[in-house]
Amino acid sequence: MDNIKNTFTIKDLEHLTGIRAHTIRIWEKRYAILKPIRTSANFRLYDTASLQKILNICTLNSHGYKISHIAKMAEGRIPELVREILTDKTVNDHAISDFKIAMMNFDTRLFLATYNSLLNTKSFRDIFYDSFIPLLDEMGMLWQTHTITASHEHFISNLIKQKIILNIERQQIKENTIKDRTYVLYLPEGEIHEVGLMLINYELLYYGFHTVYLGESVPMEDIVNIGRIFGNVTFVTYLTIEQSPGDTSRYVGEMQEKVLKQENSQLIICGRCSSLVEKNHYSNLQTYRSVKEYTSTLDPNAVALGPAF
């Protein structure tokens with residue numbers, strides 16, 4: 001437990017809350033809303049309680065409460081007032097803040113409590129699109145700025161995976177209503193970030209499709225073998241690792257030569273790196289930048305597309 005990150009620099013607070021460091025300094029100096037620890041070199045450090053407080057202050061401030069008024073409140077009144085004013089949208093924002101605190105402290109209990117609280121009013125799908133995907137998008141920036149480590153990312157990702165797996169199992173109990181095509185979901189060798197692919201699997205099952213989930217880092221020979229087993233196959237993969245356009249095109253070319261030459265075979269590539277694919281060269285290839293961009297094609301009633309996850 002000694003490795004838990006329980007102190008934060010002012011830059012960490014900026015990245016975690018979206019409030020500029022300059023503003024935090026002004027609030028601190030003018031209203032004494034935070035009491036940082038000073039290092040021997042006179043650098044500010046903030047504890048987890050300070051992080052939680054500034055997140056609550058952000059919520060109140062966004063609802064019209066002036067900092068001068070918030071600063072006069074008793075410590076216990078700030079989180080109490082936040083709970084009172086939470087609307088549907090701010091519930092999502094506040095939940096994301098709690099998930100971030102759970103991640104920073106490797107706090108499984110807080111993650112579960114936050115998730116279960118959302119379940120009182122939301123479906124799993126709503127929680128994923130409204131809370132998990134924005135959180136996962138933000139994690140990339142937090143990692144790039146060294147606010148979090150790879151351990152934080154693995155911790156929160158695995159908790160999210162647990163929830164996806166639980167809900168996938170609930171869908172697998174149901175009988176597939178669309179049986180004329182099999183969706184084979186996999187990540188190519190070297191790809192290990194499978195949260196997006198797992199959600200696509202859940203959505204396909206939700207809409208009644210038959211899926212075969214192979215998971216991460218699957219060799220080409222295994223894809224070839226499973227392509228021989230099923231007739232009408234759609235292969236679905238998810239690319240997050242930055243590769244040069246040449247490497248991606250060669251991979252797609254190999255798929256076309258070894259797997260997709262079968263009649264009625266298709267390939268769907270999702271994820272940020274799908275933009276590297278030269279899809280115009282192939283009639284049996286489709287690309288989607290985000291999970292929601294693809295899964296919205298499964299639901300005729302969905303029109304709005306989400307952020308690129």
# chains A, B, ... in the order shown; residues from 1 in each chain; ligands from 1
>>> select_by_dssp(residues="stretch 111-306 of chain A", states="strand (DSSP E or B)", output="MDAnalysis selection string")
chainID A and resid 178:188 209:218 233:238 266:270 285:288
>>> residues_around(residues="A:Pro36", least_positions_apart="2", cutoff="7 Å", atoms="only C-alpha atoms", output="PDB file with N, CA, C and O atoms, in the first residue's frame")
ATOM      1  N   LEU A  34      -7.957  25.464   0.257  1.00  0.00           N
ATOM      2  CA  LEU A  34      -7.088  24.296   0.360  1.00  0.00           C
ATOM      3  C   LEU A  34      -5.893  24.635   1.232  1.00  0.00           C
ATOM      4  O   LEU A  34      -5.448  25.789   1.263  1.00  0.00           O
ATOM      5  N   ARG A  38       3.740  21.706   2.294  1.00  0.00           N
ATOM      6  CA  ARG A  38       4.901  22.318   1.647  1.00  0.00           C
ATOM      7  C   ARG A  38       6.112  21.408   1.798  1.00  0.00           C
ATOM      8  O   ARG A  38       6.425  20.942   2.900  1.00  0.00           O
ATOM      9  N   ARG A  44       4.114  22.915  -3.472  1.00  0.00           N
ATOM     10  CA  ARG A  44       2.823  22.516  -2.934  1.00  0.00           C
ATOM     11  C   ARG A  44       2.563  21.038  -3.209  1.00  0.00           C
ATOM     12  O   ARG A  44       2.783  20.566  -4.324  1.00  0.00           O
ATOM     13  N   LEU A  45       2.032  20.322  -2.214  1.00  0.00           N
ATOM     14  CA  LEU A  45       1.520  18.970  -2.376  1.00  0.00           C
ATOM     15  C   LEU A  45       0.141  18.918  -1.722  1.00  0.00           C
ATOM     16  O   LEU A  45      -0.081  19.519  -0.677  1.00  0.00           O
ATOM     17  N   TYR A  46      -0.772  18.168  -2.358  1.00  0.00           N
ATOM     18  CA  TYR A  46      -2.143  18.095  -1.875  1.00  0.00           C
ATOM     19  C   TYR A  46      -2.505  16.640  -1.602  1.00  0.00           C
ATOM     20  O   TYR A  46      -2.104  15.742  -2.347  1.00  0.00           O
TER      21      TYR A  46
END
>>> select_by_dssp(residues="stretch 81-259 of chain A", states="alpha helix (DSSP H)", output="number ranges by chain")
A: 81-85, 88-104, 108-119, 124-127, 133-144, 150-172, 195-206, 220-229, 245-258
>>> closest_residue(among="A:Ile127, A:Leu204, A:Ile33, A:Leu118", to="A:Thr295", atoms="only C-alpha atoms")
A:Leu204
>>> atom_distance(atom1="atom CA of A:Asp247", atom2="atom CA of A:Ile133")
27.7 Å
>>> residues_around(residues="A:Ser249", least_positions_apart="2", cutoff="12 Å", atoms="only C-alpha atoms", output="list in words")
Gln243, Ser244, Pro245, Gly246, Asp247, Tyr251, Val252, Gly253, Glu254, Met255, Gln256, Cys273, Ser274, Ser275, Leu276, Val277, Glu278, Lys279, Asn280, His281, Tyr282 and Leu285 of chain A
>>> residues_around(residues="A:Leu136", least_positions_apart="2", cutoff="10 Å", atoms="only C-alpha atoms", output="PyMOL selection string")
chain A and resi 96+131-134+138-142+153+156-157+160+195-196+309
>>> atom_distance(atom1="atom CA of A:Thr287", atom2="atom CA of A:Lys258")
19.5 Å
>>> atom_distance(atom1="atom CA of A:Asp137", atom2="atom CA of A:Leu205")
24.2 Å
>>> closest_residue(among="A:Ile241, A:Ile269, A:Glu203, A:Asn264", to="A:Thr297", atoms="only C-alpha atoms")
A:Glu203
>>> residues_around(residues="A:Ser151", least_positions_apart="2", cutoff="10 Å", atoms="only C-alpha atoms", output="list of chain:residue names")
A:Ile4, A:Met103, A:Met104, A:Phe106, A:Ile148, A:Thr149, A:Glu153, A:His154, A:Phe155, A:Ile156, A:Ser157
>>> write_last_selection(atoms="C-alpha atoms", output="PDB file, in the first residue's frame")
ATOM      1  CA  ILE A   4      -0.558   4.396  -3.529  1.00  0.00           C
ATOM      2  CA  MET A 103      -8.356   4.887  -9.476  1.00  0.00           C
ATOM      3  CA  MET A 104      -5.841   7.171  -7.787  1.00  0.00           C
ATOM      4  CA  PHE A 106      -6.663   1.809  -5.896  1.00  0.00           C
ATOM      5  CA  ILE A 148      -1.269   8.460 -13.433  1.00  0.00           C
ATOM      6  CA  THR A 149       0.905   5.393 -13.950  1.00  0.00           C
ATOM      7  CA  GLU A 153      -4.767   2.363 -15.843  1.00  0.00           C
ATOM      8  CA  HIS A 154      -4.620  -1.424 -15.393  1.00  0.00           C
ATOM      9  CA  PHE A 155      -6.481  -1.207 -12.075  1.00  0.00           C
ATOM     10  CA  ILE A 156      -9.461   0.787 -13.325  1.00  0.00           C
ATOM     11  CA  SER A 157      -9.571  -1.004 -16.702  1.00  0.00           C
TER      12      SER A 157
END
>>> closest_atom_pairs(of="stretch 99-148 of chain A", to="stretch 14-23 of chain A", cutoff="8 Å", atoms="only C-alpha atoms", output="tab-separated table")
residue	atom	partner	partner_atom	distance
A:Lys100	CA	A:Leu16	CA	7.8
A:Leu142	CA	A:His15	CA	6.6
A:Thr145	CA	A:His15	CA	7.9
A:Thr147	CA	A:His15	CA	7.2
>>> residues_around(residues="A:Asn167", least_positions_apart="4", cutoff="9 Å", atoms="only C-alpha atoms", output="list in words")
Phe124, Gln162, Lys163, Gln171, Gln172 and Tyr202 of chain A
